[in-house]
Amino acid sequence: MVSVNGVSLSPHALAAEKRGFDTGIGRKLCAGVDSGLLPHLHAVQAERGGETVLESYGTGPDENWGVPLGEVRFGAQTLHDLRSVSKSIVSLLYGIGLERGDVPRLDTPLLDLFPGYEDLAEDPQRKRLTVEHALTMTLGMDWDETRPYTDPENSEIAMERAPDRLRYILERPFVAEPGTRWIYSGGATALIGAILESGTGRKLPDLAREVLFGPLDITRFEWSAGPDGTHSPASGLRLSAPDLLKIGRLVLDNGLHAGRRLVPEAWIAASLTPVIATGEGPDYGYFWFCGQAPVPALGGPTPWFAGFGNGGQRLWLCPKADVAAVIFSGNYNAWNAWVAPTRVWSEIILANLREA
């Protein structure tokens, strides 16, 4: 403990004060948990300027891609499902591949990249589909992930069980013109993952280890695969909270880590540029949600960017405040899973920032 102005502060509280946060931010998080207003939290970690200002771990039931793990005591080394936060990591991998010339430009027709589906390519509407439509989830094709992920009628689960996952995605009927409507789709991410693996000649875990995780000193991770052995780009990644926070810091630093360029700065900017309204509040970029939240220290509504995952998984970024946060939760398949992580971000982290 360190004493500041006569008050004993934990190392994180000291860092919080140094970085412009209320030193009581940790106590306020604990009060929210104890009151029952912030249920199901497994881990919360936040940093500003590369320094951790809030870190908390809990105990509770957890899953590994739907398989129960029982009661887990979480800590800094515990791997946790990212679920659909995985999509945002895949976006970074695509940007790296694009810079290296391993994957095609965003205006490339999708069906040009998937030989063997010539029958589908005869459809003029399908021929208009591009890589960018997949990255922005504006394929315009029928896809339903509103059902629980325990329901075989959920489109992502049906894709995982299909004899040919790519055909399952590419032959979906159209419900809107490509580029005009956002429809949440793990299938869109599966297409991007397949393009990455084809273009680089590497499986997703190997690619991520080489170009992203290794340079960030992320040595422990898992990437779940479906029955056919295909690693899920949409929801399969498992990381610890501190390691996911490293990725958040990388994005806030515009793709630089320790003076080394890992992700093109132009790709970071493009990914975090809103392309389409989701109809659910935030807008959407390249596998990143884009919204706003009140930040009193910054004078009002301020842009944020995030990866969202089933159960309450979050990687939150506020570039204007230089703040990143990771939240892991166990409220899987629940309609209100968004509530606790949103309250932690808005009412605990951003609301307790005192200095711009």
# chains A, B, ... in the order shown; residues from 1 in each chain; ligands from 1

call {"tool": "residues_around", "arguments": {"residues": "Gly214 (chain A)", "least_positions_apart": "3", "cutoff": "12 Å", "atoms": "only C-alpha atoms", "output": "list in words"}}
result
Pro205, Asp206, Leu207, Ala208, Arg209, Glu210, Val211, Asp217, Ile218, Thr219, Arg220, Phe221, Asp243, Lys246, Ile247, His257 and Leu262 of chain A

call {"tool": "write_last_selection", "arguments": {"atoms": "N, CA and C atoms", "output": "compact mmCIF listing (two decimals), in the first residue's frame"}}
result
# COMPACT_ATOMS: atom_id res chain seq x y z
N PRO A 205 -5.01 -20.01 -35.66
CA PRO A 205 -4.17 -19.89 -34.46
C PRO A 205 -2.70 -19.66 -34.80
N ASP A 206 -2.20 -20.33 -35.83
CA ASP A 206 -0.80 -20.16 -36.22
C ASP A 206 -0.55 -18.77 -36.77
N LEU A 207 -1.49 -18.28 -37.57
CA LEU A 207 -1.36 -16.94 -38.12
C LEU A 207 -1.37 -15.90 -37.01
N ALA A 208 -2.33 -16.02 -36.09
CA ALA A 208 -2.42 -15.06 -35.00
C ALA A 208 -1.16 -15.08 -34.14
N ARG A 209 -0.64 -16.26 -33.87
CA ARG A 209 0.58 -16.37 -33.06
C ARG A 209 1.74 -15.66 -33.75
N GLU A 210 1.84 -15.81 -35.07
CA GLU A 210 2.97 -15.26 -35.80
C GLU A 210 2.91 -13.74 -35.92
N VAL A 211 1.77 -13.21 -36.30
CA VAL A 211 1.73 -11.79 -36.67
C VAL A 211 1.17 -10.88 -35.58
N ASP A 217 3.68 -10.64 -26.99
CA ASP A 217 4.06 -11.51 -25.87
C ASP A 217 2.83 -12.19 -25.25
N ILE A 218 1.88 -12.55 -26.12
CA ILE A 218 0.74 -13.36 -25.70
C ILE A 218 1.09 -14.82 -26.01
N THR A 219 1.41 -15.58 -24.97
CA THR A 219 1.91 -16.94 -25.18
C THR A 219 0.87 -18.02 -24.90
N ARG A 220 -0.21 -17.66 -24.20
CA ARG A 220 -1.23 -18.65 -23.85
C ARG A 220 -2.56 -18.23 -24.45
N PHE A 221 -3.09 -19.07 -25.30
CA PHE A 221 -4.43 -18.84 -25.85
C PHE A 221 -4.96 -20.15 -26.39
N ASP A 243 -4.17 -10.13 -21.47
CA ASP A 243 -3.73 -10.26 -22.85
C ASP A 243 -4.70 -9.61 -23.83
N LYS A 246 -3.98 -6.01 -23.86
CA LYS A 246 -2.84 -5.65 -24.71
C LYS A 246 -3.30 -5.33 -26.14
N ILE A 247 -4.28 -6.11 -26.62
CA ILE A 247 -4.80 -5.86 -27.96
C ILE A 247 -5.55 -4.53 -28.00
N HIS A 257 3.28 -1.23 -31.34
CA HIS A 257 3.61 -1.84 -30.05
C HIS A 257 5.11 -1.78 -29.85
N LEU A 262 2.59 -3.25 -35.98
CA LEU A 262 1.98 -4.57 -36.11
C LEU A 262 0.76 -4.55 -37.02

call {"tool": "closest_atom_pairs", "arguments": {"of": "region 35-117 of chain A", "to": "region 322-334 of chain A", "cutoff": "9 Å", "atoms": "only C-alpha atoms", "output": "tab-separated table"}}
result
residue	atom	partner	partner_atom	distance
A:Pro39	CA	A:Asn331	CA	8.4
A:His40	CA	A:Gly330	CA	5.3
A:Leu41	CA	A:Ser329	CA	4.4
A:His42	CA	A:Ser329	CA	4.9
A:Ala43	CA	A:Phe328	CA	4.9
A:Val44	CA	A:Ile327	CA	4.7
A:Gln45	CA	A:Val326	CA	5.3
A:Ala46	CA	A:Ala325	CA	4.1
A:Glu47	CA	A:Ala324	CA	5.5
A:Arg48	CA	A:Val323	CA	4.6
A:Gly49	CA	A:Asp322	CA	6.0
A:Gly50	CA	A:Val323	CA	8.6
A:Leu54	CA	A:Ala325	CA	8.9
A:Gly60	CA	A:Gly330	CA	7.5
A:Pro61	CA	A:Gly330	CA	6.8
A:Asp62	CA	A:Gly330	CA	5.8
A:Glu63	CA	A:Gly330	CA	7.8
A:Gly66	CA	A:Tyr332	CA	8.7
A:His80	CA	A:Phe328	CA	7.3
A:Asp81	CA	A:Phe328	CA	8.1
A:Leu82	CA	A:Phe328	CA	7.8

call {"tool": "residues_around", "arguments": {"residues": "Phe174 (chain A)", "least_positions_apart": "6", "cutoff": "9 Å", "atoms": "only C-alpha atoms", "output": "JSON, numbers by chain"}}
result
{"A": [125, 126, 139, 140, 141, 142]}

call {"tool": "residues_around", "arguments": {"residues": "region 339-350 of chain A", "least_positions_apart": "3", "cutoff": "6 Å", "atoms": "only C-alpha atoms", "output": "list in words"}}
result
Leu38, Val295, Asn336 and Leu353 of chain A

call {"tool": "write_last_selection", "arguments": {"atoms": "C-alpha atoms", "output": "mmCIF file, in the first residue's frame"}}
result
data_model
loop_
_atom_site.group_PDB
_atom_site.id
_atom_site.type_symbol
_atom_site.label_atom_id
_atom_site.label_comp_id
_atom_site.auth_asym_id
_atom_site.auth_seq_id
_atom_site.Cartn_x
_atom_site.Cartn_y
_atom_site.Cartn_z
ATOM 1 C CA LEU A 38 -23.420 -5.953 -11.537
ATOM 2 C CA VAL A 295 -17.765 11.110 -20.402
ATOM 3 C CA ASN A 336 -29.845 -8.933 -20.586
ATOM 4 C CA LEU A 353 -12.499 9.659 -15.110
#

call {"tool": "residues_around", "arguments": {"residues": "Lys203 (chain A)", "least_positions_apart": "3", "cutoff": "12 Å", "atoms": "only C-alpha atoms", "output": "JSON, numbers by chain"}}
result
{"A": [93, 193, 194, 195, 196, 197, 198, 199, 200, 206, 207, 208, 209, 210, 223, 225, 229, 230, 231, 232, 233]}

call {"tool": "select_by_dssp", "arguments": {"residues": "region 186-262 of chain A", "states": "alpha helix (DSSP H)", "output": "PyMOL selection string"}}
result
chain A and resi 186-200+204-208+241-252

call {"tool": "residues_around", "arguments": {"residues": "Lys320 (chain A)", "least_positions_apart": "2", "cutoff": "9 Å", "atoms": "only C-alpha atoms", "output": "NGL selection string"}}
result
:A and (298 or 302-304 or 318 or 322-323 or 356)

call {"tool": "closest_atom_pairs", "arguments": {"of": "region 169-287 of chain A", "to": "region 130-135 of chain A", "cutoff": "10 Å", "atoms": "only C-alpha atoms", "output": "CSV"}}
result
residue,atom,partner,partner_atom,distance
A:Pro178,CA,A:His133,CA,6.8
A:Gly179,CA,A:His133,CA,6.1
A:Thr180,CA,A:His133,CA,9.5
A:Arg181,CA,A:His133,CA,9.9
A:Trp182,CA,A:His133,CA,9.4
A:Ser185,CA,A:Ala134,CA,8.7
A:Gly186,CA,A:Ala134,CA,9.7
A:Gly187,CA,A:Ala134,CA,8.5
A:Ala188,CA,A:Ala134,CA,4.7
A:Thr189,CA,A:Ala134,CA,6.8
A:Ala190,CA,A:Ala134,CA,9.1
A:Leu191,CA,A:Ala134,CA,7.2
A:Ile192,CA,A:Ala134,CA,7.0
A:Ile195,CA,A:Val131,CA,9.2
A:Ser271,CA,A:Leu135,CA,9.1
A:Tyr284,CA,A:Leu135,CA,9.6
A:Gly285,CA,A:Leu135,CA,7.8
A:Tyr286,CA,A:Leu135,CA,5.0
A:Phe287,CA,A:Leu135,CA,6.0

call {"tool": "atom_distance", "arguments": {"atom1": "CA of Gly226 (chain A)", "atom2": "CA of Ile169 (chain A)"}}
result
15.1 Å

call {"tool": "atom_distance", "arguments": {"atom1": "CA of Leu244 (chain A)", "atom2": "CA of Arg83 (chain A)"}}
result
12.4 Å

call {"tool": "atom_distance", "arguments": {"atom1": "CA of Trp143 (chain A)", "atom2": "CA of Leu170 (chain A)"}}
result
11.0 Å

call {"tool": "residues_around", "arguments": {"residues": "region 17-30 of chain A", "least_positions_apart": "6", "cutoff": "6 Å", "atoms": "only C-alpha atoms", "output": "ChimeraX atom specification"}}
result
/A:352-355

call {"tool": "closest_residue", "arguments": {"among": "A:Ala293, A:Val72, A:Ala234, A:Ala306", "to": "Glu160 (chain A)", "atoms": "only C-alpha atoms"}}
result
A:Ala234

call {"tool": "closest_residue", "arguments": {"among": "A:Glu156, A:Thr146, A:Tyr94, A:Gly248", "to": "Trp335 (chain A)", "atoms": "only C-alpha atoms"}}
result
A:Thr146

call {"tool": "closest_residue", "arguments": {"among": "A:Pro215, A:Gly32, A:Gly309, A:Pro227", "to": "Ser86 (chain A)", "atoms": "only C-alpha atoms"}}
result
A:Gly309

call {"tool": "decode", "arguments": {"residues": "region 139-152 of chain A", "atoms": "all heavy atoms", "output": "PDB file, in the first residue's frame"}}
result
ATOM      1  N   LEU A 139     -24.078  -8.404 -45.986  1.00  0.00           N
ATOM      2  CA  LEU A 139     -24.277  -9.337 -47.098  1.00  0.00           C
ATOM      3  C   LEU A 139     -25.721  -9.318 -47.602  1.00  0.00           C
ATOM      4  O   LEU A 139     -25.978  -9.650 -48.758  1.00  0.00           O
ATOM      5  CB  LEU A 139     -23.910 -10.758 -46.664  1.00  0.00           C
ATOM      6  CG  LEU A 139     -22.441 -11.003 -46.326  1.00  0.00           C
ATOM      7  CD1 LEU A 139     -22.278 -12.362 -45.644  1.00  0.00           C
ATOM      8  CD2 LEU A 139     -21.581 -10.946 -47.585  1.00  0.00           C
ATOM      9  N   GLY A 140     -26.653  -8.948 -46.729  1.00  0.00           N
ATOM     10  CA  GLY A 140     -28.057  -8.916 -47.114  1.00  0.00           C
ATOM     11  C   GLY A 140     -28.712 -10.280 -47.132  1.00  0.00           C
ATOM     12  O   GLY A 140     -29.841 -10.414 -47.610  1.00  0.00           O
ATOM     13  N   MET A 141     -28.029 -11.290 -46.585  1.00  0.00           N
ATOM     14  CA  MET A 141     -28.538 -12.661 -46.637  1.00  0.00           C
ATOM     15  C   MET A 141     -29.169 -13.052 -45.305  1.00  0.00           C
ATOM     16  O   MET A 141     -28.761 -12.578 -44.243  1.00  0.00           O
ATOM     17  CB  MET A 141     -27.394 -13.609 -47.002  1.00  0.00           C
ATOM     18  CG  MET A 141     -26.789 -13.280 -48.363  1.00  0.00           C
ATOM     19  SD  MET A 141     -25.121 -13.939 -48.580  1.00  0.00           S
ATOM     20  CE  MET A 141     -25.484 -15.634 -48.918  1.00  0.00           C
ATOM     21  N   ASP A 142     -30.141 -13.919 -45.365  1.00  0.00           N
ATOM     22  CA  ASP A 142     -30.850 -14.385 -44.177  1.00  0.00           C
ATOM     23  C   ASP A 142     -29.877 -15.031 -43.197  1.00  0.00           C
ATOM     24  O   ASP A 142     -29.093 -15.914 -43.580  1.00  0.00           O
ATOM     25  CB  ASP A 142     -31.928 -15.383 -44.576  1.00  0.00           C
ATOM     26  CG  ASP A 142     -32.671 -15.921 -43.384  1.00  0.00           C
ATOM     27  OD1 ASP A 142     -33.266 -15.123 -42.653  1.00  0.00           O
ATOM     28  OD2 ASP A 142     -32.640 -17.153 -43.168  1.00  0.00           O
ATOM     29  N   TRP A 143     -29.925 -14.596 -41.942  1.00  0.00           N
ATOM     30  CA  TRP A 143     -29.061 -15.167 -40.900  1.00  0.00           C
ATOM     31  C   TRP A 143     -29.675 -14.836 -39.553  1.00  0.00           C
ATOM     32  O   TRP A 143     -29.979 -13.679 -39.278  1.00  0.00           O
ATOM     33  CB  TRP A 143     -27.648 -14.591 -40.989  1.00  0.00           C
ATOM     34  CG  TRP A 143     -26.635 -15.400 -40.231  1.00  0.00           C
ATOM     35  CD1 TRP A 143     -26.243 -15.235 -38.932  1.00  0.00           C
ATOM     36  CD2 TRP A 143     -25.882 -16.504 -40.738  1.00  0.00           C
ATOM     37  NE1 TRP A 143     -25.305 -16.162 -38.601  1.00  0.00           N
ATOM     38  CE2 TRP A 143     -25.050 -16.952 -39.688  1.00  0.00           C
ATOM     39  CE3 TRP A 143     -25.810 -17.154 -41.970  1.00  0.00           C
ATOM     40  CZ2 TRP A 143     -24.179 -18.029 -39.834  1.00  0.00           C
ATOM     41  CZ3 TRP A 143     -24.945 -18.215 -42.115  1.00  0.00           C
ATOM     42  CH2 TRP A 143     -24.140 -18.647 -41.063  1.00  0.00           C
ATOM     43  N   ASP A 144     -29.853 -15.833 -38.699  1.00  0.00           N
ATOM     44  CA  ASP A 144     -30.548 -15.615 -37.427  1.00  0.00           C
ATOM     45  C   ASP A 144     -29.697 -16.114 -36.259  1.00  0.00           C
ATOM     46  O   ASP A 144     -29.595 -17.316 -36.025  1.00  0.00           O
ATOM     47  CB  ASP A 144     -31.889 -16.349 -37.438  1.00  0.00           C
ATOM     48  CG  ASP A 144     -32.701 -16.099 -36.170  1.00  0.00           C
ATOM     49  OD1 ASP A 144     -32.276 -15.274 -35.335  1.00  0.00           O
ATOM     50  OD2 ASP A 144     -33.764 -16.738 -36.008  1.00  0.00           O
ATOM     51  N   GLU A 145     -29.101 -15.162 -35.534  1.00  0.00           N
ATOM     52  CA  GLU A 145     -28.405 -15.506 -34.297  1.00  0.00           C
ATOM     53  C   GLU A 145     -29.120 -14.913 -33.087  1.00  0.00           C
ATOM     54  O   GLU A 145     -28.523 -14.756 -32.023  1.00  0.00           O
ATOM     55  CB  GLU A 145     -26.940 -15.046 -34.347  1.00  0.00           C
ATOM     56  CG  GLU A 145     -26.102 -15.837 -35.329  1.00  0.00           C
ATOM     57  CD  GLU A 145     -24.615 -15.558 -35.214  1.00  0.00           C
ATOM     58  OE1 GLU A 145     -24.095 -15.505 -34.075  1.00  0.00           O
ATOM     59  OE2 GLU A 145     -23.970 -15.397 -36.271  1.00  0.00           O
ATOM     60  N   THR A 146     -30.418 -14.589 -33.279  1.00  0.00           N
ATOM     61  CA  THR A 146     -31.196 -14.120 -32.139  1.00  0.00           C
ATOM     62  C   THR A 146     -31.612 -15.280 -31.248  1.00  0.00           C
ATOM     63  O   THR A 146     -31.923 -15.089 -30.073  1.00  0.00           O
ATOM     64  CB  THR A 146     -32.456 -13.371 -32.604  1.00  0.00           C
ATOM     65  OG1 THR A 146     -33.283 -14.267 -33.382  1.00  0.00           O
ATOM     66  CG2 THR A 146     -32.087 -12.162 -33.457  1.00  0.00           C
ATOM     67  N   ARG A 147     -31.623 -16.485 -31.788  1.00  0.00           N
ATOM     68  CA  ARG A 147     -31.928 -17.675 -30.988  1.00  0.00           C
ATOM     69  C   ARG A 147     -30.736 -17.991 -30.085  1.00  0.00           C
ATOM     70  O   ARG A 147     -29.595 -17.672 -30.419  1.00  0.00           O
ATOM     71  CB  ARG A 147     -32.193 -18.880 -31.894  1.00  0.00           C
ATOM     72  CG  ARG A 147     -33.381 -18.720 -32.829  1.00  0.00           C
ATOM     73  CD  ARG A 147     -33.397 -19.843 -33.845  1.00  0.00           C
ATOM     74  NE  ARG A 147     -34.514 -19.738 -34.779  1.00  0.00           N
ATOM     75  CZ  ARG A 147     -35.686 -20.335 -34.605  1.00  0.00           C
ATOM     76  NH1 ARG A 147     -35.876 -21.108 -33.537  1.00  0.00           N
ATOM     77  NH2 ARG A 147     -36.657 -20.195 -35.491  1.00  0.00           N
ATOM     78  N   PRO A 148     -30.966 -18.660 -28.947  1.00  0.00           N
ATOM     79  CA  PRO A 148     -29.838 -19.065 -28.098  1.00  0.00           C
ATOM     80  C   PRO A 148     -28.868 -19.954 -28.874  1.00  0.00           C
ATOM     81  O   PRO A 148     -29.268 -20.675 -29.803  1.00  0.00           O
ATOM     82  CB  PRO A 148     -30.512 -19.838 -26.959  1.00  0.00           C
ATOM     83  CG  PRO A 148     -31.923 -19.355 -26.949  1.00  0.00           C
ATOM     84  CD  PRO A 148     -32.272 -19.034 -28.363  1.00  0.00           C
ATOM     85  N   TYR A 149     -27.606 -19.928 -28.461  1.00  0.00           N
ATOM     86  CA  TYR A 149     -26.604 -20.730 -29.154  1.00  0.00           C
ATOM     87  C   TYR A 149     -26.684 -22.204 -28.756  1.00  0.00           C
ATOM     88  O   TYR A 149     -25.889 -23.021 -29.215  1.00  0.00           O
ATOM     89  CB  TYR A 149     -25.209 -20.152 -28.913  1.00  0.00           C
ATOM     90  CG  TYR A 149     -25.034 -18.836 -29.629  1.00  0.00           C
ATOM     91  CD1 TYR A 149     -25.375 -17.640 -29.009  1.00  0.00           C
ATOM     92  CD2 TYR A 149     -24.579 -18.781 -30.938  1.00  0.00           C
ATOM     93  CE1 TYR A 149     -25.251 -16.430 -29.672  1.00  0.00           C
ATOM     94  CE2 TYR A 149     -24.457 -17.580 -31.610  1.00  0.00           C
ATOM     95  CZ  TYR A 149     -24.794 -16.406 -30.966  1.00  0.00           C
ATOM     96  OH  TYR A 149     -24.686 -15.202 -31.632  1.00  0.00           O
ATOM     97  N   THR A 150     -27.669 -22.528 -27.941  1.00  0.00           N
ATOM     98  CA  THR A 150     -27.991 -23.923 -27.653  1.00  0.00           C
ATOM     99  C   THR A 150     -29.056 -24.452 -28.611  1.00  0.00           C
ATOM    100  O   THR A 150     -29.373 -25.642 -28.589  1.00  0.00           O
ATOM    101  CB  THR A 150     -28.500 -24.057 -26.212  1.00  0.00           C
ATOM    102  OG1 THR A 150     -29.581 -23.123 -26.008  1.00  0.00           O
ATOM    103  CG2 THR A 150     -27.393 -23.735 -25.215  1.00  0.00           C
ATOM    104  N   ASP A 151     -29.597 -23.580 -29.448  1.00  0.00           N
ATOM    105  CA  ASP A 151     -30.682 -23.927 -30.378  1.00  0.00           C
ATOM    106  C   ASP A 151     -30.090 -24.313 -31.729  1.00  0.00           C
ATOM    107  O   ASP A 151     -29.383 -23.513 -32.345  1.00  0.00           O
ATOM    108  CB  ASP A 151     -31.608 -22.713 -30.528  1.00  0.00           C
ATOM    109  CG  ASP A 151     -32.860 -23.016 -31.342  1.00  0.00           C
ATOM    110  OD1 ASP A 151     -32.849 -23.974 -32.131  1.00  0.00           O
ATOM    111  OD2 ASP A 151     -33.843 -22.264 -31.193  1.00  0.00           O
ATOM    112  N   PRO A 152     -30.362 -25.527 -32.221  1.00  0.00           N
ATOM    113  CA  PRO A 152     -29.812 -25.929 -33.519  1.00  0.00           C
ATOM    114  C   PRO A 152     -30.298 -25.077 -34.675  1.00  0.00           C
ATOM    115  O   PRO A 152     -29.698 -25.103 -35.758  1.00  0.00           O
ATOM    116  CB  PRO A 152     -30.276 -27.386 -33.665  1.00  0.00           C
ATOM    117  CG  PRO A 152     -31.436 -27.532 -32.738  1.00  0.00           C
ATOM    118  CD  PRO A 152     -31.171 -26.597 -31.604  1.00  0.00           C
TER     119      PRO A 152
END
